[in-house]
Amino acid sequence: MKKHRIFTIISCLLVNVILFTSCEPPAPSGLTDQDKEYFQKVTTNAYESASKGDWEPYVNRYSADVIVMAPNVETINGRDAALDLVNSNPPMHIEFPIVEIFGRSDHANIRGTYVITDPDGNFMDKGKYLSVWQKSTDGNWQLKVGLGMNCQL
């Protein structure tokens, strides 16, 4: 009888250990090649359109509650305010190649550089940027925070 009770207690303990250790949520997976290709494509499309004076694709990457923290201007909150800001820019040619994409399946960070010239090729600005992206509930990536790029020249 005593052996049976000890066996039952040990069995219960083992079951509890198995249950509690198996209840940990899985670690988020990394970014897929498809995610990285998306970021390359949307970034290229954004600067090509902006260079033609069409800032919509640039700003459409933003979430509705985006925070833009560019140098020399107040923090911009929201997509509409960001669009107003960039629409006030003079004509320019802009490139912001991606240096690194890193993150996980629901958050991503993009680090890169930028060079801005006027339509005649004269230098206007250069620097670096970091953007923070989040995958929304509908599965689409949205830019949540933009840091570093001078959005008003």
# chains A, B, ... in the order shown; residues from 1 in each chain; ligands from 1
>>> residues_around(residues="region 76-80 of chain A", least_positions_apart="2", cutoff="12 Å", atoms="only C-alpha atoms", output="count of residues only")
35
>>> select_by_dssp(residues="region 56-105 of chain A", states="alpha helix (DSSP H)", output="PyMOL selection string")
chain A and resi 56-59+79-87
>>> write_last_selection(atoms="C-alpha atoms", output="mmCIF file, in the first residue's frame")
data_model
loop_
_atom_site.group_PDB
_atom_site.id
_atom_site.type_symbol
_atom_site.label_atom_id
_atom_site.label_comp_id
_atom_site.auth_asym_id
_atom_site.auth_seq_id
_atom_site.Cartn_x
_atom_site.Cartn_y
_atom_site.Cartn_z
ATOM 1 C CA GLU A 56 1.750 58.388 -51.077
ATOM 2 C CA PRO A 57 3.657 55.050 -51.387
ATOM 3 C CA TYR A 58 6.269 56.392 -48.979
ATOM 4 C CA VAL A 59 3.685 57.283 -46.323
ATOM 5 C CA ARG A 79 0.190 59.079 -41.008
ATOM 6 C CA ASP A 80 -1.725 62.242 -41.988
ATOM 7 C CA ALA A 81 0.768 64.521 -40.218
ATOM 8 C CA ALA A 82 3.647 62.633 -41.835
ATOM 9 C CA LEU A 83 2.083 63.090 -45.275
ATOM 10 C CA ASP A 84 1.649 66.824 -44.651
ATOM 11 C CA LEU A 85 5.313 67.056 -43.677
ATOM 12 C CA VAL A 86 6.748 65.236 -46.690
ATOM 13 C CA ASN A 87 4.384 66.993 -49.117
#
>>> residues_around(residues="region 120-122 of chain A", least_positions_apart="6", cutoff="12 Å", atoms="only C-alpha atoms", output="count of residues only")
5
>>> residues_around(residues="Lys126 (chain A)", least_positions_apart="5", cutoff="7 Å", atoms="only C-alpha atoms", output="PDB file with N, CA and C atoms, in the first residue's frame")
ATOM      1  N   TYR A 114      20.745  57.006 -46.305  1.00  0.00           N
ATOM      2  CA  TYR A 114      20.008  57.734 -47.329  1.00  0.00           C
ATOM      3  C   TYR A 114      20.885  58.827 -47.920  1.00  0.00           C
ATOM      4  N   VAL A 115      20.587  59.167 -49.157  1.00  0.00           N
ATOM      5  CA  VAL A 115      21.213  60.285 -49.844  1.00  0.00           C
ATOM      6  C   VAL A 115      20.097  61.016 -50.583  1.00  0.00           C
ATOM      7  N   ILE A 116      20.064  62.344 -50.411  1.00  0.00           N
ATOM      8  CA  ILE A 116      19.051  63.169 -51.062  1.00  0.00           C
ATOM      9  C   ILE A 116      19.775  64.201 -51.917  1.00  0.00           C
TER      10      ILE A 116
END
>>> residues_around(residues="region 29-46 of chain A", least_positions_apart="3", cutoff="10 Å", atoms="only C-alpha atoms", output="number ranges by chain")
A: 26, 49-51, 54-61, 94-98, 100-110, 133, 140-141
>>> decode(residues="region 42-53 of chain A", atoms="all heavy atoms", output="mmCIF file, in the first residue's frame")
data_model
loop_
_atom_site.group_PDB
_atom_site.id
_atom_site.type_symbol
_atom_site.label_atom_id
_atom_site.label_comp_id
_atom_site.auth_asym_id
_atom_site.auth_seq_id
_atom_site.Cartn_x
_atom_site.Cartn_y
_atom_site.Cartn_z
ATOM 1 N N VAL A 42 9.095 47.270 -50.952
ATOM 2 C CA VAL A 42 8.338 48.439 -50.511
ATOM 3 C C VAL A 42 9.262 49.637 -50.307
ATOM 4 O O VAL A 42 8.878 50.777 -50.570
ATOM 5 C CB VAL A 42 7.484 48.123 -49.256
ATOM 6 C CG1 VAL A 42 8.322 48.018 -47.998
ATOM 7 C CG2 VAL A 42 6.368 49.130 -49.076
ATOM 8 N N THR A 43 10.494 49.410 -49.901
ATOM 9 C CA THR A 43 11.453 50.500 -49.721
ATOM 10 C C THR A 43 11.846 51.087 -51.071
ATOM 11 O O THR A 43 11.850 52.305 -51.257
ATOM 12 C CB THR A 43 12.696 49.999 -48.952
ATOM 13 O OG1 THR A 43 12.267 49.536 -47.671
ATOM 14 C CG2 THR A 43 13.722 51.098 -48.791
ATOM 15 N N THR A 44 12.151 50.232 -52.023
ATOM 16 C CA THR A 44 12.493 50.704 -53.371
ATOM 17 C C THR A 44 11.335 51.470 -53.985
ATOM 18 O O THR A 44 11.517 52.561 -54.541
ATOM 19 C CB THR A 44 12.891 49.518 -54.270
ATOM 20 O OG1 THR A 44 14.027 48.858 -53.694
ATOM 21 C CG2 THR A 44 13.225 49.981 -55.675
ATOM 22 N N ASN A 45 10.130 50.942 -53.882
ATOM 23 C CA ASN A 45 8.952 51.611 -54.418
ATOM 24 C C ASN A 45 8.746 52.975 -53.761
ATOM 25 O O ASN A 45 8.407 53.951 -54.436
ATOM 26 C CB ASN A 45 7.714 50.731 -54.224
ATOM 27 C CG ASN A 45 6.487 51.316 -54.868
ATOM 28 O OD1 ASN A 45 6.519 51.818 -55.986
ATOM 29 N ND2 ASN A 45 5.368 51.260 -54.148
ATOM 30 N N ALA A 46 8.980 53.054 -52.460
ATOM 31 C CA ALA A 46 8.780 54.305 -51.728
ATOM 32 C C ALA A 46 9.731 55.390 -52.212
ATOM 33 O O ALA A 46 9.318 56.520 -52.469
ATOM 34 C CB ALA A 46 8.948 54.068 -50.230
ATOM 35 N N TYR A 47 11.036 55.068 -52.352
ATOM 36 C CA TYR A 47 11.943 56.144 -52.754
ATOM 37 C C TYR A 47 11.835 56.455 -54.241
ATOM 38 O O TYR A 47 12.025 57.605 -54.650
ATOM 39 C CB TYR A 47 13.384 55.944 -52.275
ATOM 40 C CG TYR A 47 14.256 54.897 -52.913
ATOM 41 C CD1 TYR A 47 14.743 55.019 -54.198
ATOM 42 C CD2 TYR A 47 14.668 53.789 -52.170
ATOM 43 C CE1 TYR A 47 15.591 54.082 -54.748
ATOM 44 C CE2 TYR A 47 15.522 52.848 -52.702
ATOM 45 C CZ TYR A 47 15.978 52.993 -53.997
ATOM 46 O OH TYR A 47 16.818 52.051 -54.525
ATOM 47 N N GLU A 48 11.483 55.490 -55.074
ATOM 48 C CA GLU A 48 11.282 55.793 -56.492
ATOM 49 C C GLU A 48 10.084 56.720 -56.683
ATOM 50 O O GLU A 48 10.139 57.671 -57.457
ATOM 51 C CB GLU A 48 11.103 54.505 -57.297
ATOM 52 C CG GLU A 48 12.399 53.744 -57.486
ATOM 53 C CD GLU A 48 12.222 52.415 -58.219
ATOM 54 O OE1 GLU A 48 11.062 51.992 -58.456
ATOM 55 O OE2 GLU A 48 13.253 51.801 -58.545
ATOM 56 N N SER A 49 9.000 56.459 -55.958
ATOM 57 C CA SER A 49 7.810 57.310 -56.046
ATOM 58 C C SER A 49 8.073 58.698 -55.468
ATOM 59 O O SER A 49 7.663 59.708 -56.050
ATOM 60 C CB SER A 49 6.631 56.661 -55.318
ATOM 61 O OG SER A 49 6.279 55.448 -55.939
ATOM 62 N N ALA A 50 8.751 58.747 -54.323
ATOM 63 C CA ALA A 50 9.060 60.039 -53.704
ATOM 64 C C ALA A 50 9.926 60.888 -54.626
ATOM 65 O O ALA A 50 9.743 62.106 -54.712
ATOM 66 C CB ALA A 50 9.746 59.825 -52.362
ATOM 67 N N SER A 51 10.837 60.260 -55.353
ATOM 68 C CA SER A 51 11.695 60.991 -56.281
ATOM 69 C C SER A 51 10.910 61.585 -57.440
ATOM 70 O O SER A 51 11.368 62.525 -58.083
ATOM 71 C CB SER A 51 12.807 60.075 -56.807
ATOM 72 O OG SER A 51 13.686 59.733 -55.757
ATOM 73 N N LYS A 52 9.720 61.056 -57.686
ATOM 74 C CA LYS A 52 8.839 61.591 -58.733
ATOM 75 C C LYS A 52 7.826 62.575 -58.157
ATOM 76 O O LYS A 52 6.940 63.041 -58.858
ATOM 77 C CB LYS A 52 8.105 60.443 -59.422
ATOM 78 C CG LYS A 52 9.017 59.494 -60.168
ATOM 79 C CD LYS A 52 8.239 58.319 -60.707
ATOM 80 C CE LYS A 52 9.186 57.284 -61.302
ATOM 81 N NZ LYS A 52 8.491 56.041 -61.629
ATOM 82 N N GLY A 53 7.940 62.867 -56.852
ATOM 83 C CA GLY A 53 7.021 63.805 -56.206
ATOM 84 C C GLY A 53 5.765 63.164 -55.656
ATOM 85 O O GLY A 53 4.877 63.857 -55.162
#
